[in-house]
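*Asks:* My structure is stored as data.pdb, with PDB, C-alpha atoms.
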ATOM      1  CA  MET A   1     -31.373  66.891 -47.623
ATOM      2  CA  ILE A   2     -33.492  64.501 -49.723
ATOM      3  CA  LYS A   3     -36.582  63.172 -47.948
ATOM      4  CA  LEU A   4     -38.555  61.700 -50.883
ATOM      5  CA  ILE A   5     -37.439  59.719 -53.959
ATOM      6  CA  ALA A   6     -39.858  59.127 -56.850
ATOM      7  CA  CYS A   7     -38.843  56.314 -59.177
ATOM      8  CA  ASP A   8     -40.111  55.189 -62.582
ATOM      9  CA  LEU A   9     -40.659  51.470 -63.244
ATOM     10  CA  ASP A  10     -40.120  50.382 -66.869
ATOM     11  CA  GLY A  11     -36.538  50.955 -67.943
ATOM     12  CA  THR A  12     -35.679  52.221 -64.457
ATOM     13  CA  LEU A  13     -36.534  50.075 -61.429
ATOM     14  CA  PHE A  14     -37.355  47.112 -63.701
ATOM     15  CA  ASN A  15     -34.469  45.416 -65.479
ATOM     16  CA  ALA A  16     -34.696  43.932 -68.979
ATOM     17  CA  SER A  17     -36.579  40.930 -67.568
ATOM     18  CA  MET A  18     -39.136  43.358 -66.069
ATOM     19  CA  GLU A  19     -38.080  42.391 -62.554
ATOM     20  CA  VAL A  20     -36.755  44.304 -59.539
ATOM     21  CA  SER A  21     -33.279  43.111 -58.617
ATOM     22  CA  ASP A  22     -32.325  42.187 -55.072
ATOM     23  CA  GLY A  23     -29.807  45.043 -55.168
ATOM     24  CA  ASN A  24     -32.533  47.587 -55.874
ATOM     25  CA  VAL A  25     -34.871  46.156 -53.226
ATOM     26  CA  GLN A  26     -32.109  46.344 -50.616
ATOM     27  CA  ALA A  27     -31.262  49.929 -51.622
ATOM     28  CA  ILE A  28     -34.903  50.971 -51.192
ATOM     29  CA  GLN A  29     -34.791  49.460 -47.707
ATOM     30  CA  ARG A  30     -31.594  51.414 -46.986
ATOM     31  CA  ALA A  31     -33.309  54.614 -48.110
ATOM     32  CA  GLU A  32     -36.230  53.998 -45.782
ATOM     33  CA  ASN A  33     -33.861  53.150 -42.914
ATOM     34  CA  ASN A  34     -32.228  56.527 -43.516
ATOM     35  CA  GLY A  35     -35.522  58.424 -43.332
ATOM     36  CA  ILE A  36     -36.122  58.719 -47.079
ATOM     37  CA  GLU A  37     -39.574  57.848 -48.413
ATOM     38  CA  PHE A  38     -39.708  55.841 -51.657
ATOM     39  CA  LEU A  39     -42.487  56.557 -54.170
ATOM     40  CA  VAL A  40     -43.226  54.705 -57.403
ATOM     41  CA  ALA A  41     -44.041  56.982 -60.365
ATOM     42  CA  SER A  42     -45.274  54.971 -63.327
ATOM     43  CA  GLY A  43     -47.312  55.165 -66.486
ATOM     44  CA  ARG A  44     -48.800  51.830 -65.490
ATOM     45  CA  ALA A  45     -52.281  51.379 -64.034
ATOM     46  CA  PRO A  46     -52.639  50.603 -60.296
ATOM     47  CA  HIS A  47     -53.516  46.946 -60.833
ATOM     48  CA  GLU A  48     -50.445  46.530 -63.068
ATOM     49  CA  SER A  49     -47.934  48.058 -60.671
ATOM     50  CA  TRP A  50     -49.188  47.488 -57.125
ATOM     51  CA  GLY A  51     -49.016  43.702 -57.080
ATOM     52  CA  LEU A  52     -45.645  43.653 -58.830
ATOM     53  CA  ILE A  53     -44.045  46.060 -56.371
ATOM     54  CA  LYS A  54     -45.634  44.653 -53.235
ATOM     55  CA  SER A  55     -44.482  41.150 -54.192
ATOM     56  CA  TYR A  56     -40.935  42.396 -53.529
ATOM     57  CA  GLY A  57     -41.876  43.558 -50.040
ATOM     58  CA  ILE A  58     -41.830  47.228 -51.050
ATOM     59  CA  HIS A  59     -44.501  49.260 -49.255
ATOM     60  CA  CYS A  60     -44.880  52.729 -50.749
ATOM     61  CA  GLY A  61     -47.125  55.319 -52.352
ATOM     62  CA  PHE A  62     -47.843  55.347 -56.085
ATOM     63  CA  ILE A  63     -48.126  57.888 -58.862
ATOM     64  CA  ASN A  64     -50.008  55.875 -61.481
ATOM     65  CA  LEU A  65     -50.859  56.560 -65.122
ATOM     66  CA  ASN A  66     -48.309  59.415 -65.269
ATOM     67  CA  GLY A  67     -50.105  61.334 -62.523
ATOM     68  CA  ALA A  68     -53.750  60.692 -63.386
ATOM     69  CA  LEU A  69     -53.989  58.816 -60.087
ATOM     70  CA  VAL A  70     -51.922  59.318 -56.936
ATOM     71  CA  TYR A  71     -52.137  57.063 -53.866
ATOM     72  CA  ASP A  72     -50.527  57.188 -50.431
ATOM     73  CA  PRO A  73     -48.801  54.092 -48.951
ATOM     74  CA  GLN A  74     -52.093  53.011 -47.366
ATOM     75  CA  GLY A  75     -53.774  52.910 -50.788
ATOM     76  CA  ASN A  76     -55.880  56.026 -50.271
ATOM     77  CA  LEU A  77     -56.599  57.970 -53.474
ATOM     78  CA  ILE A  78     -55.087  61.454 -53.145
ATOM     79  CA  VAL A  79     -55.370  62.839 -56.704
ATOM     80  CA  LYS A  80     -57.521  61.998 -59.746
ATOM     81  CA  ASN A  81     -57.094  63.707 -63.149
ATOM     82  CA  PRO A  82     -59.252  62.092 -65.871
ATOM     83  CA  ILE A  83     -59.416  63.008 -69.563
ATOM     84  CA  ASP A  84     -62.635  64.803 -70.541
ATOM     85  CA  LEU A  85     -64.897  62.070 -71.938
ATOM     86  CA  ALA A  86     -65.856  64.024 -75.061
ATOM     87  CA  VAL A  87     -62.178  64.579 -75.810
ATOM     88  CA  GLY A  88     -61.491  60.904 -75.189
ATOM     89  CA  ARG A  89     -64.054  59.964 -77.797
ATOM     90  CA  GLN A  90     -62.353  62.261 -80.313
ATOM     91  CA  ILE A  91     -58.955  60.717 -79.581
ATOM     92  CA  VAL A  92     -60.316  57.199 -80.069
ATOM     93  CA  LYS A  93     -61.812  58.192 -83.408
ATOM     94  CA  LEU A  94     -58.518  59.711 -84.588
ATOM     95  CA  LEU A  95     -56.372  56.747 -83.548
ATOM     96  CA  LYS A  96     -58.725  54.386 -85.361
ATOM     97  CA  GLN A  97     -58.385  56.459 -88.517
ATOM     98  CA  TYR A  98     -54.646  55.718 -88.360
ATOM     99  CA  HIS A  99     -55.359  51.996 -87.742
ATOM    100  CA  LEU A 100     -53.287  52.075 -84.559
ATOM    101  CA  TYR A 101     -53.390  49.568 -81.758
ATOM    102  CA  PHE A 102     -54.236  51.429 -78.553
ATOM    103  CA  GLU A 103     -55.703  50.936 -75.093
ATOM    104  CA  VAL A 104     -58.146  52.900 -72.976
ATOM    105  CA  VAL A 105     -57.230  52.968 -69.304
ATOM    106  CA  THR A 106     -59.585  53.735 -66.401
ATOM    107  CA  LYS A 107     -58.954  53.766 -62.658
ATOM    108  CA  ASP A 108     -59.479  50.029 -62.340
ATOM    109  CA  LYS A 109     -59.085  48.505 -65.809
ATOM    110  CA  VAL A 110     -57.132  48.520 -69.054
ATOM    111  CA  TYR A 111     -59.324  47.922 -72.101
ATOM    112  CA  SER A 112     -58.200  46.492 -75.436
ATOM    113  CA  GLU A 113     -59.991  45.560 -78.638
ATOM    114  CA  ASP A 114     -57.321  42.991 -79.527
ATOM    115  CA  LEU A 115     -55.369  41.212 -76.797
ATOM    116  CA  SER A 116     -53.145  39.420 -79.319
ATOM    117  CA  ALA A 117     -52.023  42.801 -80.679
ATOM    118  CA  ARG A 118     -51.209  43.898 -77.122
ATOM    119  CA  ILE A 119     -49.000  40.843 -76.631
ATOM    120  CA  ALA A 120     -47.271  41.465 -79.979
ATOM    121  CA  ASN A 121     -46.536  45.089 -79.076
ATOM    122  CA  VAL A 122     -45.125  44.169 -75.683
ATOM    123  CA  ALA A 123     -43.067  41.443 -77.373
ATOM    124  CA  HIS A 124     -41.460  44.052 -79.651
ATOM    125  CA  TYR A 125     -40.602  46.102 -76.533
ATOM    126  CA  VAL A 126     -39.138  43.047 -74.796
ATOM    127  CA  MET A 127     -36.981  42.402 -77.882
ATOM    128  CA  THR A 128     -35.521  45.924 -77.675
ATOM    129  CA  LEU A 129     -34.537  45.190 -74.070
ATOM    130  CA  ASN A 130     -33.203  41.724 -74.918
ATOM    131  CA  PRO A 131     -31.717  41.813 -78.457
ATOM    132  CA  GLY A 132     -30.923  38.093 -78.379
ATOM    133  CA  LEU A 133     -34.579  37.048 -78.122
ATOM    134  CA  THR A 134     -36.546  35.889 -81.138
ATOM    135  CA  PHE A 135     -40.049  37.297 -81.643
ATOM    136  CA  LYS A 136     -41.552  33.926 -80.704
ATOM    137  CA  GLU A 137     -39.577  33.853 -77.443
ATOM    138  CA  ALA A 138     -40.565  37.450 -76.681
ATOM    139  CA  VAL A 139     -44.239  36.601 -77.258
ATOM    140  CA  MET A 140     -43.979  33.759 -74.743
ATOM    141  CA  VAL A 141     -42.407  36.081 -72.171
ATOM    142  CA  SER A 142     -44.961  38.832 -72.818
ATOM    143  CA  GLY A 143     -48.000  36.588 -72.724
ATOM    144  CA  ALA A 144     -47.037  35.290 -69.285
ATOM    145  CA  LYS A 145     -46.860  38.734 -67.674
ATOM    146  CA  PRO A 146     -49.699  39.478 -65.175
ATOM    147  CA  ALA A 147     -50.171  42.932 -66.704
ATOM    148  CA  ILE A 148     -51.032  41.278 -70.020
ATOM    149  CA  VAL A 149     -53.537  38.696 -68.905
ATOM    150  CA  SER A 150     -55.338  41.186 -66.639
ATOM    151  CA  ILE A 151     -56.363  43.401 -69.555
ATOM    152  CA  GLN A 152     -60.064  43.336 -70.430
ATOM    153  CA  GLU A 153     -60.879  42.764 -74.084
ATOM    154  CA  VAL A 154     -63.926  44.589 -75.491
ATOM    155  CA  ASP A 155     -65.694  44.318 -78.838
ATOM    156  CA  SER A 156     -65.758  48.068 -79.429
ATOM    157  CA  PHE A 157     -64.280  51.155 -77.791
ATOM    158  CA  GLU A 158     -67.181  53.162 -79.180
ATOM    159  CA  HIS A 159     -69.614  50.984 -77.250
ATOM    160  CA  LEU A 160     -67.467  51.246 -74.113
ATOM    161  CA  LEU A 161     -67.385  55.033 -74.356
ATOM    162  CA  GLU A 162     -71.160  55.275 -74.598
ATOM    163  CA  ASP A 163     -71.159  55.126 -70.792
ATOM    164  CA  ASP A 164     -71.271  58.772 -69.692
ATOM    165  CA  ASN A 165     -69.939  57.772 -66.257
ATOM    166  CA  LEU A 166     -66.735  56.295 -67.672
ATOM    167  CA  GLU A 167     -63.570  58.082 -66.486
ATOM    168  CA  ILE A 168     -60.648  57.759 -68.899
ATOM    169  CA  MET A 169     -57.338  58.185 -67.106
ATOM    170  CA  LYS A 170     -55.026  57.476 -70.041
ATOM    171  CA  ILE A 171     -54.997  56.402 -73.671
ATOM    172  CA  ILE A 172     -51.832  54.690 -74.884
ATOM    173  CA  ALA A 173     -51.132  53.979 -78.557
ATOM    174  CA  PHE A 174     -48.425  51.705 -79.959
ATOM    175  CA  ASP A 175     -46.613  51.484 -83.278
ATOM    176  CA  SER A 176     -43.213  49.935 -84.003
ATOM    177  CA  ARG A 177     -42.472  52.689 -86.553
ATOM    178  CA  GLY A 178     -41.736  54.934 -83.590
ATOM    179  CA  PRO A 179     -41.463  58.692 -82.976
ATOM    180  CA  GLU A 180     -41.388  59.781 -86.625
ATOM    181  CA  PHE A 181     -44.724  58.094 -87.260
ATOM    182  CA  PHE A 182     -46.321  59.648 -84.174
ATOM    183  CA  SER A 183     -45.064  63.124 -85.105
ATOM    184  CA  GLY A 184     -47.960  63.488 -87.542
ATOM    185  CA  ILE A 185     -50.568  62.418 -84.987
ATOM    186  CA  ILE A 186     -49.457  64.394 -81.930
ATOM    187  CA  PRO A 187     -50.372  67.889 -83.284
ATOM    188  CA  GLN A 188     -53.873  66.655 -84.105
ATOM    189  CA  VAL A 189     -54.332  65.258 -80.599
ATOM    190  CA  LYS A 190     -53.096  68.510 -79.045
ATOM    191  CA  GLN A 191     -55.809  70.443 -80.869
ATOM    192  CA  MET A 192     -58.492  68.429 -79.082
ATOM    193  CA  GLY A 193     -58.024  69.914 -75.606
ATOM    194  CA  GLU A 194     -55.781  70.448 -72.601
ATOM    195  CA  LEU A 195     -53.710  67.272 -72.777
ATOM    196  CA  SER A 196     -50.292  65.909 -71.866
ATOM    197  CA  ILE A 197     -48.648  63.721 -74.533
ATOM    198  CA  THR A 198     -45.532  61.794 -73.569
ATOM    199  CA  SER A 199     -43.991  58.370 -74.181
ATOM    200  CA  SER A 200     -42.501  55.594 -72.070
ATOM    201  CA  SER A 201     -40.696  53.939 -74.994
ATOM    202  CA  SER A 202     -39.927  54.722 -78.621
ATOM    203  CA  ASP A 203     -42.915  52.730 -79.857
ATOM    204  CA  ASN A 204     -45.731  54.490 -77.972
ATOM    205  CA  ILE A 205     -47.425  57.723 -77.059
ATOM    206  CA  GLU A 206     -49.279  58.201 -73.768
ATOM    207  CA  ILE A 207     -52.152  60.672 -73.665
ATOM    208  CA  ASN A 208     -53.319  62.119 -70.343
ATOM    209  CA  ALA A 209     -55.179  65.145 -69.027
ATOM    210  CA  ALA A 210     -52.873  68.172 -68.864
ATOM    211  CA  LYS A 211     -52.649  67.986 -65.059
ATOM    212  CA  ALA A 212     -51.778  64.290 -65.136
ATOM    213  CA  GLN A 213     -47.995  64.500 -65.245
ATOM    214  CA  LYS A 214     -45.446  62.906 -62.951
ATOM    215  CA  GLY A 215     -43.781  66.210 -62.012
ATOM    216  CA  PRO A 216     -46.871  68.069 -60.750
ATOM    217  CA  ALA A 217     -48.082  64.852 -59.092
ATOM    218  CA  LEU A 218     -44.769  64.508 -57.255
ATOM    219  CA  MET A 219     -44.906  68.133 -56.110
ATOM    220  CA  ASP A 220     -48.510  67.739 -54.887
ATOM    221  CA  TYR A 221     -47.583  64.570 -53.009
ATOM    222  CA  ALA A 222     -44.524  66.223 -51.448
ATOM    223  CA  GLN A 223     -46.536  69.262 -50.390
ATOM    224  CA  ALA A 224     -49.122  67.040 -48.714
ATOM    225  CA  LYS A 225     -46.255  65.443 -46.778
ATOM    226  CA  GLY A 226     -44.719  68.773 -45.820
ATOM    227  CA  ILE A 227     -41.675  68.103 -48.010
ATOM    228  CA  LYS A 228     -40.060  70.955 -49.946
ATOM    229  CA  ARG A 229     -39.216  70.745 -53.665
ATOM    230  CA  GLU A 230     -35.480  70.786 -52.934
ATOM    231  CA  GLU A 231     -35.988  67.782 -50.628
ATOM    232  CA  THR A 232     -37.272  65.590 -53.478
ATOM    233  CA  ALA A 233     -35.454  63.417 -56.017
ATOM    234  CA  ALA A 234     -36.727  61.668 -59.138
ATOM    235  CA  ILE A 235     -35.251  58.789 -61.150
ATOM    236  CA  GLY A 236     -36.308  57.935 -64.704
ATOM    237  CA  ASP A 237     -35.356  57.034 -68.244
ATOM    238  CA  ASN A 238     -37.912  58.317 -70.741
ATOM    239  CA  LEU A 239     -40.009  61.279 -71.799
ATOM    240  CA  ASN A 240     -42.897  60.646 -69.424
ATOM    241  CA  ASP A 241     -40.345  61.166 -66.626
ATOM    242  CA  GLU A 242     -39.237  64.576 -67.913
ATOM    243  CA  SER A 243     -41.542  66.709 -65.771
ATOM    244  CA  MET A 244     -40.584  65.050 -62.488
ATOM    245  CA  ILE A 245     -36.858  65.005 -63.245
ATOM    246  CA  SER A 246     -36.917  68.695 -64.139
ATOM    247  CA  MET A 247     -39.105  69.689 -61.158
ATOM    248  CA  ALA A 248     -37.440  67.600 -58.426
ATOM    249  CA  GLY A 249     -34.616  68.992 -56.334
ATOM    250  CA  VAL A 250     -32.378  66.227 -57.688
ATOM    251  CA  GLY A 251     -33.140  64.690 -61.079
ATOM    252  CA  VAL A 252     -31.477  61.376 -61.920
ATOM    253  CA  ALA A 253     -31.248  59.891 -65.417
ATOM    254  CA  MET A 254     -30.648  56.196 -65.894
ATOM    255  CA  GLY A 255     -27.611  55.150 -67.908
ATOM    256  CA  ASN A 256     -30.067  53.783 -70.486
ATOM    257  CA  ALA A 257     -32.168  56.973 -70.521
ATOM    258  CA  VAL A 258     -32.951  58.847 -73.726
ATOM    259  CA  LEU A 259     -30.716  61.842 -74.416
ATOM    260  CA  ASP A 260     -33.392  64.447 -73.576
ATOM    261  CA  ILE A 261     -33.606  63.038 -70.040
ATOM    262  CA  LYS A 262     -29.843  62.850 -69.583
ATOM    263  CA  ASN A 263     -29.545  66.494 -70.667
ATOM    264  CA  ILE A 264     -31.782  67.771 -67.832
ATOM    265  CA  ALA A 265     -30.590  65.457 -65.055
ATOM    266  CA  THR A 266     -28.550  66.477 -62.023
ATOM    267  CA  PHE A 267     -26.534  63.303 -62.526
ATOM    268  CA  ILE A 268     -26.596  60.064 -64.516
ATOM    269  CA  THR A 269     -26.576  56.693 -62.769
ATOM    270  CA  ARG A 270     -25.924  53.177 -64.104
ATOM    271  CA  THR A 271     -28.375  51.357 -66.405
ATOM    272  CA  ASN A 272     -31.460  49.458 -65.295
ATOM    273  CA  ASN A 273     -29.570  46.184 -65.842
ATOM    274  CA  GLU A 274     -26.755  47.378 -63.566
ATOM    275  CA  ASP A 275     -28.833  48.330 -60.487
ATOM    276  CA  GLY A 276     -28.806  51.978 -61.489
ATOM    277  CA  VAL A 277     -31.573  52.808 -59.006
ATOM    278  CA  ALA A 278     -29.528  51.311 -56.163
ATOM    279  CA  ALA A 279     -26.479  53.345 -57.198
ATOM    280  CA  ALA A 280     -28.552  56.536 -57.280
ATOM    281  CA  ILE A 281     -30.137  55.847 -53.896
ATOM    282  CA  ASP A 282     -26.772  55.158 -52.274
ATOM    283  CA  ARG A 283     -25.354  58.383 -53.720
ATOM    284  CA  ILE A 284     -28.316  60.330 -52.318
ATOM    285  CA  ILE A 285     -27.910  58.696 -48.887
ATOM    286  CA  SER A 286     -24.215  59.579 -48.936
ATOM    287  CA  GLU A 287     -24.938  63.216 -49.865
ATOM    288  CA  ASN A 288     -27.523  63.413 -47.068
ATOM    289  CA  LYS A 289     -24.953  62.226 -44.541
ATOM    290  CA  LYS A 290     -22.481  64.854 -45.734
ATOM    291  CA  GLU A 291     -25.092  67.559 -45.133
ATOM    292  CA  LEU A 292     -25.600  66.320 -41.581
ATOM    293  CA  LYS A 293     -21.930  66.680 -40.709
TER
END
Could you write out this structure as structure tokens?

*Replies:*
Amino acid sequence: MIKLIACDLDGTLFNASMEVSDGNVQAIQRAENNGIEFLVASGRAPHESWGLIKSYGIHCGFINLNGALVYDPQGNLIVKNPIDLAVGRQIVKLLKQYHLYFEVVTKDKVYSEDLSARIANVAHYVMTLNPGLTFKEAVMVSGAKPAIVSIQEVDSFEHLLEDDNLEIMKIIAFDSRGPEFFSGIIPQVKQMGELSITSSSSDNIEINAAKAQKGPALMDYAQAKGIKREETAAIGDNLNDESMISMAGVGVAMGNAVLDIKNIATFITRTNNEDGVAAAIDRIISENKKELK
């Protein structure tokens, strides 16, 4: 009997237009009406995800920044797993040596040294979701997103990191050359400390503290609610969803998920452009009803 569903955002609950369809919103309501709690599990920062989700009338808890921050439905902070500041400084130095565009994420803010580069990187991602778009059109779409304009631009990460009270929750680096390019950087980052390195798309790597993973965060949240592992489900599409899909009682891969996620899933649902989350939720509700008979 599933009592808790954790769901990724990008490539999962969000369609190619980075919106939540009416079909998915209605399915979440059906889940709640059937006694199943819905939980967002995202690599995004709180200020990026909360407003977007609540604008659809969805009231739920959040796993943010891959598990660096976990909140209950009332917005109370339950878990916080920052990157050691000294290690964060080393990571920043390394990424700059590779001339990468990256962002430093804290509990409340996302920092960038070049907002135009951020928009360009998101535009490339939007183009992969919408092959018919030109780069210029994708830039216009990307620049209008609230998550873009809310980023704080700084002159220097080194100056930002001089503050010994700064808590880094995540560092995310982008490059359109993809996984093969990052393969040379990842081993060097791993040598710097106890870290989790995942990705939410082929053009990025997301660096968190080792404990900041969606799977452990989901299990901690479930335990606090008195929910057993086998009573949880997780839905996702990319590598930063791997831990929660493998640890949940039922792991669901989107139809557009990468192969590694499909290989570990309990079942595969439709794509994010075909209301795959709604299909997965309805299947779970149906299985719950069968168990009650």

*Asks:* Between A:Pro82, A:Asp22, A:Thr12, A:Arg89, which one has atoms that come closest to Glu194 of chain A, using all atoms listed in the file?

*Replies:*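 Of the candidates, the smallest distance to Glu194 of chain A is held by A:Pro82.
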
*Asks:* To one decimal in Å, tell me the separation between atom CA of Glu242 of chain A and atom CA of Lys214 of chain A.

*Replies:*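 About the pair atom CA of Glu242 of chain A and atom CA of Lys214 of chain A: they are 8.1 Å apart.
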
*Asks:* If I take atom CA of Ile63 of chain A and atom CA of Gln29 of chain A, how far is one from the other in Å, to one decimal?

*Replies:*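 About the pair atom CA of Ile63 of chain A and atom CA of Gln29 of chain A: they are 19.3 Å apart.
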
*Asks:* Go ahead and compute the interatomic distance for atom CA of Glu113 of chain A and atom CA of Lys93 of chain A, in Å to one decimal.

*Replies:*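 Separating atom CA of Glu113 of chain A from atom CA of Lys93 of chain A is a distance of 13.6 Å.
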
*Asks:* Which residues match the PyMOL selection byres ((chain A and resi 36-53) around 8) in the file above, as an NGL selection string?

*Replies:* :A and (2-10 or 28 or 31-35 or 54-67 or 105 or 107-110 or 146-147 or 200 or 214 or 240)

*Asks:* For the structure provided, state which residues fall under the PyMOL selection byres ((chain A and resi 97-104) around 6), and present them as a list of chain:residue names.

*Replies:*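 Expected selection for the PyMOL selection byres ((chain A and resi 97-104) around 6) here is A:Leu94, A:Leu95, A:Lys96, A:Val105, A:Val110, A:Tyr111, A:Ser112, A:Ile171, A:Ile172, A:Ala173, A:Phe174.
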
*Asks:* What do you get, as a list in words, if you spell out every residue that the PyMOL selection byres ((chain A and resi 225) around 12) selects here?

*Replies:*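 In the shown coordinates, the PyMOL selection byres ((chain A and resi 225) around 12) covers Lys3, Leu4, Glu37, Gly61, Asp72, Pro73, Ile78, Leu218, Met219, Asp220, Tyr221, Ala222, Gln223, Ala224, Gly226, Ile227, Lys228, Arg229, Glu231 and Thr232 of chain A.
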
*Asks:* Which residue is closest to Ser246 of chain A? Choose from A:Gln213, A:Ser199, A:Thr271, A:Asn76 and count all atoms listed in the file.

*Replies:*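 Between A:Gln213, A:Ser199, A:Thr271, A:Asn76, the residue approaching Ser246 of chain A most closely is A:Gln213.
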
*Asks:* Considering all atoms listed in the file, return as an mmCIF file with C-alpha atoms, keeping the file's coordinate frame whatever protein or nucleic-acid residues lie within 12 Å of Ala279 of chain A, sequence-local ones (same chain, fewer than 6 positions apart) excluded.

*Replies:*
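See part_0.cif below for the written result:
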data_model
loop_
_atom_site.group_PDB
_atom_site.id
_atom_site.type_symbol
_atom_site.label_atom_id
_atom_site.label_comp_id
_atom_site.auth_asym_id
_atom_site.auth_seq_id
_atom_site.Cartn_x
_atom_site.Cartn_y
_atom_site.Cartn_z
ATOM 1 C CA THR A 12 -35.679 52.221 -64.457
ATOM 2 C CA LEU A 13 -36.534 50.075 -61.429
ATOM 3 C CA GLY A 23 -29.807 45.043 -55.168
ATOM 4 C CA ASN A 24 -32.533 47.587 -55.874
ATOM 5 C CA VAL A 25 -34.871 46.156 -53.226
ATOM 6 C CA GLN A 26 -32.109 46.344 -50.616
ATOM 7 C CA ALA A 27 -31.262 49.929 -51.622
ATOM 8 C CA ILE A 28 -34.903 50.971 -51.192
ATOM 9 C CA ARG A 30 -31.594 51.414 -46.986
ATOM 10 C CA ALA A 31 -33.309 54.614 -48.110
ATOM 11 C CA ILE A 235 -35.251 58.789 -61.150
ATOM 12 C CA VAL A 252 -31.477 61.376 -61.920
ATOM 13 C CA ALA A 253 -31.248 59.891 -65.417
ATOM 14 C CA MET A 254 -30.648 56.196 -65.894
ATOM 15 C CA GLY A 255 -27.611 55.150 -67.908
ATOM 16 C CA PHE A 267 -26.534 63.303 -62.526
ATOM 17 C CA ILE A 268 -26.596 60.064 -64.516
ATOM 18 C CA THR A 269 -26.576 56.693 -62.769
ATOM 19 C CA ARG A 270 -25.924 53.177 -64.104
ATOM 20 C CA THR A 271 -28.375 51.357 -66.405
ATOM 21 C CA ASN A 272 -31.460 49.458 -65.295
ATOM 22 C CA ASN A 273 -29.570 46.184 -65.842
ATOM 23 C CA ILE A 285 -27.910 58.696 -48.887
ATOM 24 C CA SER A 286 -24.215 59.579 -48.936
#

*Asks:* Nearest to Met1 of chain A: which of A:Glu274, A:Glu230, A:Glu158, A:Asp282 is it, counting all atoms listed in the file?

*Replies:*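 Closest candidate: A:Glu230.
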
*Asks:* Can you pull out the residues contacting Gly178 of chain A? Cut-off 12 Å, using all atoms listed in the file, and skip same-chain residues under 5 positions away; I want them as JSON, numbers by chain.

*Replies:* {"A": [100, 121, 124, 125, 173, 183, 184, 185, 199, 200, 201, 202, 203, 204, 205]}
